[in-house]
$ cat run.cif   # mmCIF, C-alpha atoms
data_final
#
loop_
_atom_site.group_PDB
_atom_site.id
_atom_site.type_symbol
_atom_site.label_atom_id
_atom_site.label_comp_id
_atom_site.auth_asym_id
_atom_site.auth_seq_id
_atom_site.Cartn_x
_atom_site.Cartn_y
_atom_site.Cartn_z
ATOM 1 C CA MET A 1 14.028 -69.700 -60.445
ATOM 2 C CA ILE A 2 15.039 -66.443 -58.770
ATOM 3 C CA ASP A 3 14.882 -65.851 -55.015
ATOM 4 C CA ILE A 4 15.131 -62.696 -52.940
ATOM 5 C CA ILE A 5 16.710 -63.648 -49.604
ATOM 6 C CA HIS A 6 17.512 -61.543 -46.540
ATOM 7 C CA ARG A 7 18.738 -62.262 -43.014
ATOM 8 C CA ILE A 8 17.922 -60.106 -39.989
ATOM 9 C CA GLY A 9 18.327 -60.584 -36.239
ATOM 10 C CA ILE A 10 15.804 -59.363 -33.687
ATOM 11 C CA ASN A 11 16.456 -59.146 -29.941
ATOM 12 C CA ALA A 12 13.294 -60.983 -28.951
ATOM 13 C CA PRO A 13 12.169 -64.597 -28.470
ATOM 14 C CA ALA A 14 11.225 -66.537 -31.581
ATOM 15 C CA ALA A 15 7.648 -66.864 -30.284
ATOM 16 C CA ARG A 16 7.279 -63.095 -30.291
ATOM 17 C CA VAL A 17 8.628 -62.776 -33.858
ATOM 18 C CA TYR A 18 6.444 -65.661 -34.999
ATOM 19 C CA GLU A 19 3.412 -63.875 -33.566
ATOM 20 C CA ALA A 20 4.310 -60.733 -35.512
ATOM 21 C CA LEU A 21 4.380 -62.800 -38.726
ATOM 22 C CA THR A 22 1.127 -64.654 -38.172
ATOM 23 C CA SER A 23 -1.451 -62.426 -36.497
ATOM 24 C CA ILE A 24 -3.478 -60.023 -38.610
ATOM 25 C CA GLU A 25 -3.139 -57.297 -35.997
ATOM 26 C CA SER A 26 0.642 -57.590 -35.955
ATOM 27 C CA LEU A 27 0.987 -57.760 -39.751
ATOM 28 C CA ALA A 28 -0.788 -54.390 -39.770
ATOM 29 C CA GLY A 29 1.903 -53.096 -37.443
ATOM 30 C CA TRP A 30 4.841 -53.550 -39.800
ATOM 31 C CA TRP A 31 3.819 -54.339 -43.415
ATOM 32 C CA THR A 32 0.617 -52.476 -44.254
ATOM 33 C CA GLU A 33 -2.043 -51.010 -42.026
ATOM 34 C CA GLU A 34 -4.793 -52.349 -44.315
ATOM 35 C CA VAL A 35 -4.853 -56.112 -43.902
ATOM 36 C CA GLU A 36 -7.578 -58.649 -43.297
ATOM 37 C CA GLY A 37 -8.175 -62.354 -43.666
ATOM 38 C CA GLN A 38 -7.788 -65.713 -41.988
ATOM 39 C CA GLU A 39 -4.590 -66.529 -40.138
ATOM 40 C CA GLN A 40 -4.705 -70.342 -40.210
ATOM 41 C CA VAL A 41 -3.277 -72.715 -42.842
ATOM 42 C CA GLY A 42 -5.489 -72.580 -45.932
ATOM 43 C CA GLY A 43 -6.655 -69.073 -45.058
ATOM 44 C CA LYS A 44 -6.117 -66.103 -47.311
ATOM 45 C CA ILE A 45 -4.812 -62.745 -46.150
ATOM 46 C CA GLU A 46 -5.356 -59.602 -48.206
ATOM 47 C CA PHE A 47 -2.796 -56.796 -47.990
ATOM 48 C CA ILE A 48 -3.730 -53.406 -49.464
ATOM 49 C CA PHE A 49 -1.228 -50.639 -50.085
ATOM 50 C CA ARG A 50 -2.270 -47.016 -50.528
ATOM 51 C CA SER A 51 -0.543 -43.676 -50.813
ATOM 52 C CA LYS A 52 -0.949 -41.323 -47.865
ATOM 53 C CA ASN A 53 -3.807 -39.579 -49.675
ATOM 54 C CA GLY A 54 -5.685 -42.858 -50.035
ATOM 55 C CA ASP A 55 -4.997 -43.790 -53.677
ATOM 56 C CA LEU A 56 -4.778 -47.543 -54.195
ATOM 57 C CA LYS A 57 -1.181 -48.526 -55.003
ATOM 58 C CA GLY A 58 -1.406 -52.293 -54.881
ATOM 59 C CA LYS A 59 -3.105 -55.329 -53.441
ATOM 60 C CA MET A 60 -1.677 -58.738 -52.662
ATOM 61 C CA VAL A 61 -3.466 -61.850 -51.481
ATOM 62 C CA MET A 62 -1.416 -64.505 -49.706
ATOM 63 C CA GLU A 63 -2.603 -68.019 -48.989
ATOM 64 C CA VAL A 64 -1.154 -69.356 -45.755
ATOM 65 C CA LYS A 65 0.492 -72.621 -46.863
ATOM 66 C CA GLU A 66 2.580 -73.708 -43.839
ATOM 67 C CA LEU A 67 2.756 -72.703 -40.185
ATOM 68 C CA ASN A 68 5.205 -74.369 -37.790
ATOM 69 C CA SER A 69 5.261 -72.383 -34.554
ATOM 70 C CA PRO A 70 7.650 -70.741 -33.782
ATOM 71 C CA ARG A 71 9.955 -71.780 -36.616
ATOM 72 C CA TYR A 72 8.476 -71.394 -40.065
ATOM 73 C CA VAL A 73 5.848 -69.511 -42.060
ATOM 74 C CA ARG A 74 5.132 -69.923 -45.756
ATOM 75 C CA TRP A 75 2.654 -67.950 -47.816
ATOM 76 C CA GLN A 76 1.935 -68.245 -51.517
ATOM 77 C CA CYS A 77 0.824 -65.211 -53.478
ATOM 78 C CA THR A 78 -2.493 -65.898 -55.234
ATOM 79 C CA GLU A 79 -3.296 -62.321 -56.360
ATOM 80 C CA GLY A 80 -1.097 -59.296 -56.895
ATOM 81 C CA PRO A 81 1.406 -58.048 -59.442
ATOM 82 C CA ASP A 82 1.893 -60.529 -62.296
ATOM 83 C CA GLU A 83 5.458 -61.133 -61.207
ATOM 84 C CA TRP A 84 4.298 -62.100 -57.688
ATOM 85 C CA VAL A 85 1.501 -64.544 -58.481
ATOM 86 C CA GLY A 86 2.677 -68.068 -57.690
ATOM 87 C CA THR A 87 5.738 -66.926 -55.742
ATOM 88 C CA ASP A 88 6.343 -68.014 -52.150
ATOM 89 C CA ILE A 89 7.135 -65.866 -49.132
ATOM 90 C CA THR A 90 9.003 -67.748 -46.391
ATOM 91 C CA PHE A 91 10.202 -66.838 -42.916
ATOM 92 C CA ARG A 92 12.487 -69.322 -41.125
ATOM 93 C CA LEU A 93 13.244 -68.484 -37.487
ATOM 94 C CA SER A 94 16.060 -69.680 -35.229
ATOM 95 C CA GLU A 95 17.496 -68.425 -31.953
ATOM 96 C CA GLN A 96 21.214 -67.599 -31.939
ATOM 97 C CA ASP A 97 23.269 -65.352 -29.618
ATOM 98 C CA ASN A 98 20.170 -64.058 -27.827
ATOM 99 C CA GLN A 99 18.573 -62.992 -31.099
ATOM 100 C CA THR A 100 15.892 -64.482 -33.260
ATOM 101 C CA ILE A 101 17.381 -64.815 -36.709
ATOM 102 C CA VAL A 102 14.832 -64.409 -39.487
ATOM 103 C CA LEU A 103 15.838 -65.985 -42.782
ATOM 104 C CA PHE A 104 13.438 -64.368 -45.216
ATOM 105 C CA GLY A 105 12.746 -65.535 -48.754
ATOM 106 C CA HIS A 106 10.574 -64.289 -51.582
ATOM 107 C CA ARG A 107 11.064 -67.295 -53.804
ATOM 108 C CA ASN A 108 10.385 -68.611 -57.269
ATOM 109 C CA TRP A 109 10.322 -65.424 -59.324
ATOM 110 C CA ARG A 110 10.245 -66.381 -63.001
ATOM 111 C CA GLU A 111 13.010 -63.909 -63.834
ATOM 112 C CA ALA A 112 15.144 -61.205 -62.241
ATOM 113 C CA VAL A 113 13.731 -57.910 -63.526
ATOM 114 C CA GLU A 114 14.088 -54.344 -62.285
ATOM 115 C CA PHE A 115 10.902 -54.790 -60.249
ATOM 116 C CA THR A 116 12.625 -57.700 -58.457
ATOM 117 C CA ALA A 117 15.403 -55.307 -57.431
ATOM 118 C CA HIS A 118 12.796 -52.806 -56.205
ATOM 119 C CA CYS A 119 11.035 -55.505 -54.173
ATOM 120 C CA SER A 120 14.316 -56.776 -52.709
ATOM 121 C CA MET A 121 15.159 -53.300 -51.399
ATOM 122 C CA LYS A 122 11.592 -52.805 -50.206
ATOM 123 C CA TRP A 123 11.553 -56.114 -48.302
ATOM 124 C CA SER A 124 14.706 -54.994 -46.462
ATOM 125 C CA VAL A 125 12.928 -51.858 -45.367
ATOM 126 C CA PHE A 126 9.894 -53.836 -44.183
ATOM 127 C CA LEU A 127 12.120 -56.304 -42.289
ATOM 128 C CA LEU A 128 13.630 -53.330 -40.447
ATOM 129 C CA SER A 129 10.034 -52.258 -39.774
ATOM 130 C CA LEU A 130 9.272 -55.764 -38.455
ATOM 131 C CA ARG A 131 12.254 -55.491 -36.127
ATOM 132 C CA ASP A 132 11.122 -52.106 -34.834
ATOM 133 C CA TYR A 133 7.592 -53.433 -34.370
ATOM 134 C CA VAL A 134 8.740 -56.458 -32.368
ATOM 135 C CA LYS A 135 11.152 -54.444 -30.233
ATOM 136 C CA THR A 136 9.074 -51.326 -29.606
ATOM 137 C CA GLY A 137 5.491 -52.098 -30.623
ATOM 138 C CA LYS A 138 5.760 -49.552 -33.434
ATOM 139 C CA GLY A 139 6.851 -50.289 -36.996
ATOM 140 C CA GLN A 140 6.542 -48.318 -40.228
ATOM 141 C CA PRO A 141 3.747 -50.088 -42.120
ATOM 142 C CA SER A 142 2.413 -48.716 -45.394
ATOM 143 C CA PRO A 143 1.525 -45.891 -45.938
ATOM 144 C CA TYR A 144 4.170 -44.749 -43.419
ATOM 145 C CA ASP A 145 6.904 -46.945 -44.901
ATOM 146 C CA LEU A 146 10.255 -45.517 -45.985
ATOM 147 C CA LYS A 147 10.004 -44.706 -49.697
ATOM 148 C CA ILE A 148 12.941 -46.108 -51.598
ATOM 149 C CA ASP A 149 12.568 -44.986 -55.222
ATOM 150 C CA ASN A 150 10.182 -43.550 -57.826
ATOM 151 C CA TRP A 151 8.074 -46.710 -57.789
ATOM 152 C CA ASN A 152 7.134 -46.324 -54.147
ATOM 153 C CA MET B 1 24.723 -67.994 -60.884
ATOM 154 C CA ILE B 2 23.050 -66.090 -58.051
ATOM 155 C CA ASP B 3 22.676 -62.294 -57.993
ATOM 156 C CA ILE B 4 21.739 -59.903 -55.200
ATOM 157 C CA ILE B 5 19.920 -56.956 -56.794
ATOM 158 C CA HIS B 6 18.473 -53.790 -55.252
ATOM 159 C CA ARG B 7 16.932 -50.579 -56.608
ATOM 160 C CA ILE B 8 17.077 -47.232 -54.809
ATOM 161 C CA GLY B 9 16.291 -43.661 -55.867
ATOM 162 C CA ILE B 10 18.293 -40.659 -54.711
ATOM 163 C CA ASN B 11 17.177 -37.038 -55.091
ATOM 164 C CA ALA B 12 20.411 -35.857 -56.673
ATOM 165 C CA PRO B 13 21.942 -35.671 -60.158
ATOM 166 C CA ALA B 14 23.535 -38.841 -61.517
ATOM 167 C CA ALA B 15 26.922 -37.125 -61.583
ATOM 168 C CA ARG B 16 26.773 -36.611 -57.826
ATOM 169 C CA VAL B 17 25.833 -40.240 -57.175
ATOM 170 C CA TYR B 18 28.520 -41.429 -59.587
ATOM 171 C CA GLU B 19 31.079 -39.384 -57.681
ATOM 172 C CA ALA B 20 29.996 -41.032 -54.420
ATOM 173 C CA LEU B 21 30.604 -44.452 -56.006
ATOM 174 C CA THR B 22 33.977 -43.692 -57.508
ATOM 175 C CA SER B 23 36.004 -41.419 -55.259
ATOM 176 C CA ILE B 24 37.928 -42.914 -52.346
ATOM 177 C CA GLU B 25 36.908 -40.053 -50.082
ATOM 178 C CA SER B 26 33.213 -40.580 -50.828
ATOM 179 C CA LEU B 27 33.366 -44.373 -50.503
ATOM 180 C CA ALA B 28 34.653 -43.724 -46.980
ATOM 181 C CA GLY B 29 31.541 -41.658 -46.374
ATOM 182 C CA TRP B 30 29.005 -44.434 -46.817
ATOM 183 C CA TRP B 31 30.553 -47.950 -46.964
ATOM 184 C CA THR B 32 33.549 -48.101 -44.638
ATOM 185 C CA GLU B 33 35.686 -45.364 -43.187
ATOM 186 C CA GLU B 34 38.846 -47.388 -43.842
ATOM 187 C CA VAL B 35 39.379 -47.443 -47.603
ATOM 188 C CA GLU B 36 42.336 -46.793 -49.861
ATOM 189 C CA GLY B 37 43.473 -47.510 -53.364
ATOM 190 C CA GLN B 38 43.371 -46.354 -56.964
ATOM 191 C CA GLU B 39 40.104 -45.071 -58.395
ATOM 192 C CA GLN B 40 40.759 -45.595 -62.111
ATOM 193 C CA VAL B 41 40.008 -48.666 -64.248
ATOM 194 C CA GLY B 42 42.521 -51.385 -63.409
ATOM 195 C CA GLY B 43 43.083 -49.937 -59.953
ATOM 196 C CA LYS B 44 42.419 -51.855 -56.777
ATOM 197 C CA ILE B 45 40.537 -50.475 -53.803
ATOM 198 C CA GLU B 46 40.871 -52.041 -50.357
ATOM 199 C CA PHE B 47 37.964 -51.832 -47.933
ATOM 200 C CA ILE B 48 38.584 -52.739 -44.292
ATOM 201 C CA PHE B 49 35.812 -53.348 -41.769
ATOM 202 C CA ARG B 50 36.392 -53.181 -38.031
ATOM 203 C CA SER B 51 34.270 -53.292 -34.920
ATOM 204 C CA LYS B 52 34.002 -50.044 -32.973
ATOM 205 C CA ASN B 53 36.787 -51.207 -30.660
ATOM 206 C CA GLY B 54 39.128 -51.709 -33.605
ATOM 207 C CA ASP B 55 39.003 -55.494 -34.100
ATOM 208 C CA LEU B 56 39.377 -56.503 -37.737
ATOM 209 C CA LYS B 57 36.061 -57.923 -39.019
ATOM 210 C CA GLY B 58 36.783 -58.235 -42.708
ATOM 211 C CA LYS B 59 38.719 -56.969 -45.708
ATOM 212 C CA MET B 60 37.674 -56.815 -49.326
ATOM 213 C CA VAL B 61 39.730 -55.797 -52.337
ATOM 214 C CA MET B 62 37.864 -54.653 -55.439
ATOM 215 C CA GLU B 63 39.434 -54.222 -58.841
ATOM 216 C CA VAL B 64 37.797 -51.403 -60.800
ATOM 217 C CA LYS B 65 36.753 -53.129 -64.037
ATOM 218 C CA GLU B 66 34.506 -50.566 -65.778
ATOM 219 C CA LEU B 67 33.751 -46.880 -65.337
ATOM 220 C CA ASN B 68 31.283 -45.082 -67.599
ATOM 221 C CA SER B 69 30.560 -41.666 -66.096
ATOM 222 C CA PRO B 70 27.870 -41.027 -64.887
ATOM 223 C CA ARG B 71 26.114 -44.267 -65.784
ATOM 224 C CA TYR B 72 27.934 -47.401 -64.747
ATOM 225 C CA VAL B 73 30.493 -48.767 -62.314
ATOM 226 C CA ARG B 74 31.712 -52.346 -62.097
ATOM 227 C CA TRP B 75 34.112 -53.790 -59.583
ATOM 228 C CA GLN B 76 35.313 -57.358 -59.253
ATOM 229 C CA CYS B 77 36.217 -58.761 -55.863
ATOM 230 C CA THR B 78 39.774 -60.115 -55.892
ATOM 231 C CA GLU B 79 40.216 -60.666 -52.132
ATOM 232 C CA GLY B 80 37.705 -61.125 -49.356
ATOM 233 C CA PRO B 81 35.385 -63.816 -48.060
ATOM 234 C CA ASP B 82 35.601 -67.005 -50.156
ATOM 235 C CA GLU B 83 32.036 -66.498 -51.341
ATOM 236 C CA TRP B 84 32.891 -63.006 -52.650
ATOM 237 C CA VAL B 85 36.082 -63.697 -54.587
ATOM 238 C CA GLY B 86 35.311 -63.509 -58.307
ATOM 239 C CA THR B 87 31.896 -61.885 -57.828
ATOM 240 C CA ASP B 88 31.027 -58.561 -59.481
ATOM 241 C CA ILE B 89 29.576 -55.442 -57.883
ATOM 242 C CA THR B 90 27.680 -53.240 -60.334
ATOM 243 C CA PHE B 91 25.946 -49.874 -60.089
ATOM 244 C CA ARG B 92 23.834 -48.741 -63.053
ATOM 245 C CA LEU B 93 22.535 -45.166 -62.836
ATOM 246 C CA SER B 94 19.648 -43.489 -64.657
ATOM 247 C CA GLU B 95 17.682 -40.309 -64.071
ATOM 248 C CA GLN B 96 13.896 -40.701 -63.702
ATOM 249 C CA ASP B 97 11.288 -38.435 -62.066
ATOM 250 C CA ASN B 98 13.946 -36.085 -60.679
ATOM 251 C CA GLN B 99 15.763 -38.943 -58.981
ATOM 252 C CA THR B 100 18.856 -40.888 -59.811
ATOM 253 C CA ILE B 101 17.857 -44.525 -59.830
ATOM 254 C CA VAL B 102 20.641 -46.849 -58.743
ATOM 255 C CA LEU B 103 20.269 -50.418 -59.941
ATOM 256 C CA PHE B 104 22.700 -52.273 -57.728
ATOM 257 C CA GLY B 105 23.973 -55.793 -58.304
ATOM 258 C CA HIS B 106 26.280 -58.126 -56.415
ATOM 259 C CA ARG B 107 26.482 -60.746 -59.110
ATOM 260 C CA ASN B 108 27.745 -64.234 -59.838
ATOM 261 C CA TRP B 109 27.623 -65.848 -56.420
ATOM 262 C CA ARG B 110 28.266 -69.578 -56.841
ATOM 263 C CA GLU B 111 25.312 -70.457 -54.615
ATOM 264 C CA ALA B 112 22.656 -68.871 -52.436
ATOM 265 C CA VAL B 113 23.742 -69.522 -48.859
ATOM 266 C CA GLU B 114 22.743 -67.912 -45.573
ATOM 267 C CA PHE B 115 25.686 -65.523 -45.913
ATOM 268 C CA THR B 116 24.182 -64.364 -49.223
ATOM 269 C CA ALA B 117 20.988 -63.435 -47.361
ATOM 270 C CA HIS B 118 23.062 -61.558 -44.758
ATOM 271 C CA CYS B 119 24.917 -59.657 -47.476
ATOM 272 C CA SER B 120 21.693 -58.820 -49.325
ATOM 273 C CA MET B 121 20.235 -57.220 -46.211
ATOM 274 C CA LYS B 122 23.529 -55.506 -45.444
ATOM 275 C CA TRP B 123 23.784 -54.038 -48.964
ATOM 276 C CA SER B 124 20.311 -52.529 -48.500
ATOM 277 C CA VAL B 125 21.495 -50.815 -45.350
ATOM 278 C CA PHE B 126 24.598 -49.483 -47.095
ATOM 279 C CA LEU B 127 22.521 -48.227 -50.048
ATOM 280 C CA LEU B 128 20.409 -46.248 -47.571
ATOM 281 C CA SER B 129 23.711 -44.957 -46.182
ATOM 282 C CA LEU B 130 24.790 -44.007 -49.723
ATOM 283 C CA ARG B 131 21.542 -42.084 -50.147
ATOM 284 C CA ASP B 132 22.026 -40.237 -46.868
ATOM 285 C CA TYR B 133 25.611 -39.454 -47.810
ATOM 286 C CA VAL B 134 24.664 -38.028 -51.199
ATOM 287 C CA LYS B 135 21.761 -36.020 -49.810
ATOM 288 C CA THR B 136 23.305 -34.723 -46.577
ATOM 289 C CA GLY B 137 27.046 -35.332 -46.760
ATOM 290 C CA LYS B 138 26.782 -37.809 -43.902
ATOM 291 C CA GLY B 139 26.234 -41.551 -44.266
ATOM 292 C CA GLN B 140 26.671 -44.438 -41.820
ATOM 293 C CA PRO B 141 29.874 -46.135 -42.972
ATOM 294 C CA SER B 142 31.404 -49.005 -40.994
ATOM 295 C CA PRO B 143 31.951 -49.056 -38.021
ATOM 296 C CA TYR B 144 28.887 -46.812 -37.587
ATOM 297 C CA ASP B 145 26.663 -48.917 -39.859
ATOM 298 C CA LEU B 146 23.323 -50.264 -38.706
ATOM 299 C CA LYS B 147 23.905 -53.780 -37.379
ATOM 300 C CA ILE B 148 21.438 -56.238 -38.822
ATOM 301 C CA ASP B 149 22.089 -59.604 -37.163
ATOM 302 C CA ASN B 150 24.564 -61.639 -35.096
ATOM 303 C CA TRP B 151 27.061 -61.701 -37.968
ATOM 304 C CA ASN B 152 27.483 -57.939 -37.973
#
$ encode --input "run.cif" --output "structure tokens"
Amino acid sequence: MIDIIHRIGINAPAARVYEALTSIESLAGWWTEEVEGQEQVGGKIEFIFRSKNGDLKGKMVMEVKELNSPRYVRWQCTEGPDEWVGTDITFRLSEQDNQTIVLFGHRNWREAVEFTAHCSMKWSVFLLSLRDYVKTGKGQPSPYDLKIDNWN
Amino acid sequence: MIDIIHRIGINAPAARVYEALTSIESLAGWWTEEVEGQEQVGGKIEFIFRSKNGDLKGKMVMEVKELNSPRYVRWQCTEGPDEWVGTDITFRLSEQDNQTIVLFGHRNWREAVEFTAHCSMKWSVFLLSLRDYVKTGKGQPSPYDLKIDNWN
């Protein structure tokens, strides 16, 4: 199995980062503005991505599989691009050197394809958006996200 | 074997991006200011990373293994962190939709450790620096790179 993994540090308490990963309102502040669903374990959260002119670009549904405040979040993708369905998204938090370290994983891809490389780069950009959101209250959620290539 | 892979598009001809990946002067413009060596196949290029106050943070030596202008570059790490020695760095370029698409790989890690996640995030930041360098002539090479966590 193939995993995308990233590590980022955020100058904020783990509880604040955990909140940004688990509340619908905060998810809209750094990943995509169009999000709705149930936050608790067993709930499903729908993330919709559009271009700035409103065209639908993609939709993902994540089932919340594990929540361990303020240390761990795991979602499983139940709808979305073929390559994403069945994959896990994990966030493991720890406090080190006055930062919250986020160990991010998008795990269990069936194979490493060019779309995996696109998503790896894109997750980096959204993790920087998460950091900005936690530190300043303002991230760059879709459709205001930094475009990285001809696929987004 | 574990691979870090990223995909980024740059609004410039492939030849320009290829130049930024293969000339010592350009490598100093987006990865680290302190770089020297031989650009041709079989040559070795030394990259030194320091903090802003001059403390040595790391040193990597890459042997240039393949050059196929303007399509492909492969280095192999011959000195550096234990986890890097023997790994390959690859850049595959193609032109699509008026962009040069860079398919980046840092390949053949022995295992996926937390340092791998750090490096994956850090490579994303340096690929954004590469894009800025190609587009504007000014990137964010070390020691002016965006710091991502408590390890850098």
$ residues_around --input "run.cif" --residues "A:Ile48" --least-positions-apart "2" --cutoff "7 Å" --atoms "all atoms listed in the file" --output "JSON, numbers by chain"
{"A": [32, 34, 35, 46, 50, 58, 59, 60]}
$ interface_residues --input "run.cif" --of "chain B" --to "chain A" --cutoff "12 Å" --atoms "all atoms listed in the file" --output "compact mmCIF listing (two decimals) with C-alpha atoms, in the coordinates of the input"
# COMPACT_ATOMS: atom_id res chain seq x y z
CA MET B 1 24.72 -67.99 -60.88
CA ILE B 2 23.05 -66.09 -58.05
CA ASP B 3 22.68 -62.29 -57.99
CA ILE B 4 21.74 -59.90 -55.20
CA ILE B 5 19.92 -56.96 -56.79
CA HIS B 6 18.47 -53.79 -55.25
CA ARG B 7 16.93 -50.58 -56.61
CA ILE B 8 17.08 -47.23 -54.81
CA GLY B 9 16.29 -43.66 -55.87
CA ILE B 10 18.29 -40.66 -54.71
CA ASN B 11 17.18 -37.04 -55.09
CA ARG B 92 23.83 -48.74 -63.05
CA SER B 94 19.65 -43.49 -64.66
CA GLU B 95 17.68 -40.31 -64.07
CA GLN B 96 13.90 -40.70 -63.70
CA ASP B 97 11.29 -38.44 -62.07
CA ASN B 98 13.95 -36.08 -60.68
CA GLN B 99 15.76 -38.94 -58.98
CA THR B 100 18.86 -40.89 -59.81
CA ILE B 101 17.86 -44.52 -59.83
CA VAL B 102 20.64 -46.85 -58.74
CA LEU B 103 20.27 -50.42 -59.94
CA PHE B 104 22.70 -52.27 -57.73
CA GLY B 105 23.97 -55.79 -58.30
CA HIS B 106 26.28 -58.13 -56.42
CA ARG B 107 26.48 -60.75 -59.11
CA GLU B 111 25.31 -70.46 -54.62
CA ALA B 112 22.66 -68.87 -52.44
CA VAL B 113 23.74 -69.52 -48.86
CA GLU B 114 22.74 -67.91 -45.57
CA PHE B 115 25.69 -65.52 -45.91
CA THR B 116 24.18 -64.36 -49.22
CA ALA B 117 20.99 -63.44 -47.36
CA HIS B 118 23.06 -61.56 -44.76
CA CYS B 119 24.92 -59.66 -47.48
CA SER B 120 21.69 -58.82 -49.32
CA MET B 121 20.24 -57.22 -46.21
CA LYS B 122 23.53 -55.51 -45.44
CA TRP B 123 23.78 -54.04 -48.96
CA SER B 124 20.31 -52.53 -48.50
CA VAL B 125 21.50 -50.82 -45.35
CA PHE B 126 24.60 -49.48 -47.10
CA LEU B 127 22.52 -48.23 -50.05
CA LEU B 128 20.41 -46.25 -47.57
CA ARG B 131 21.54 -42.08 -50.15
CA ASP B 132 22.03 -40.24 -46.87
CA LEU B 146 23.32 -50.26 -38.71
CA LYS B 147 23.90 -53.78 -37.38
CA ILE B 148 21.44 -56.24 -38.82
CA ASP B 149 22.09 -59.60 -37.16
CA ASN B 150 24.56 -61.64 -35.10
CA TRP B 151 27.06 -61.70 -37.97
CA ASN B 152 27.48 -57.94 -37.97
$ atom_distance --input "run.cif" --atom1 "atom CA of A:Ala14" --atom2 "atom CA of A:Trp30"
16.6 Å
$ atom_distance --input "run.cif" --atom1 "atom CA of A:Glu39" --atom2 "atom CA of A:Asn68"
12.8 Å
$ residues_near_point --input "run.cif" --point "(29.5, -63.8, -54.5)" --cutoff "6 Å" --atoms "all atoms listed in the file" --output "list in words"
Glu83, Trp84, Thr87, Asn108 and Trp109 of chain B
$ residues_around --input "run.cif" --residues "B:Cys77" --least-positions-apart "5" --cutoff "6 Å" --atoms "all atoms listed in the file" --output "list in words"
Val61, Met62, Val85, Gly86 and Thr87 of chain B
$ closest_residue --input "run.cif" --among "A:Val73, A:Ala15, A:Ala28, A:Leu21" --to "A:Gln140" --atoms "only C-alpha atoms"
A:Ala28
$ atom_distance --input "run.cif" --atom1 "atom CA of A:Val134" --atom2 "atom CA of B:Asp145"
20.8 Å
$ closest_residue --input "run.cif" --among "A:Tyr144, A:Gly137, A:Ser129, A:Lys52" --to "A:Glu25" --atoms "all atoms listed in the file"
A:Gly137
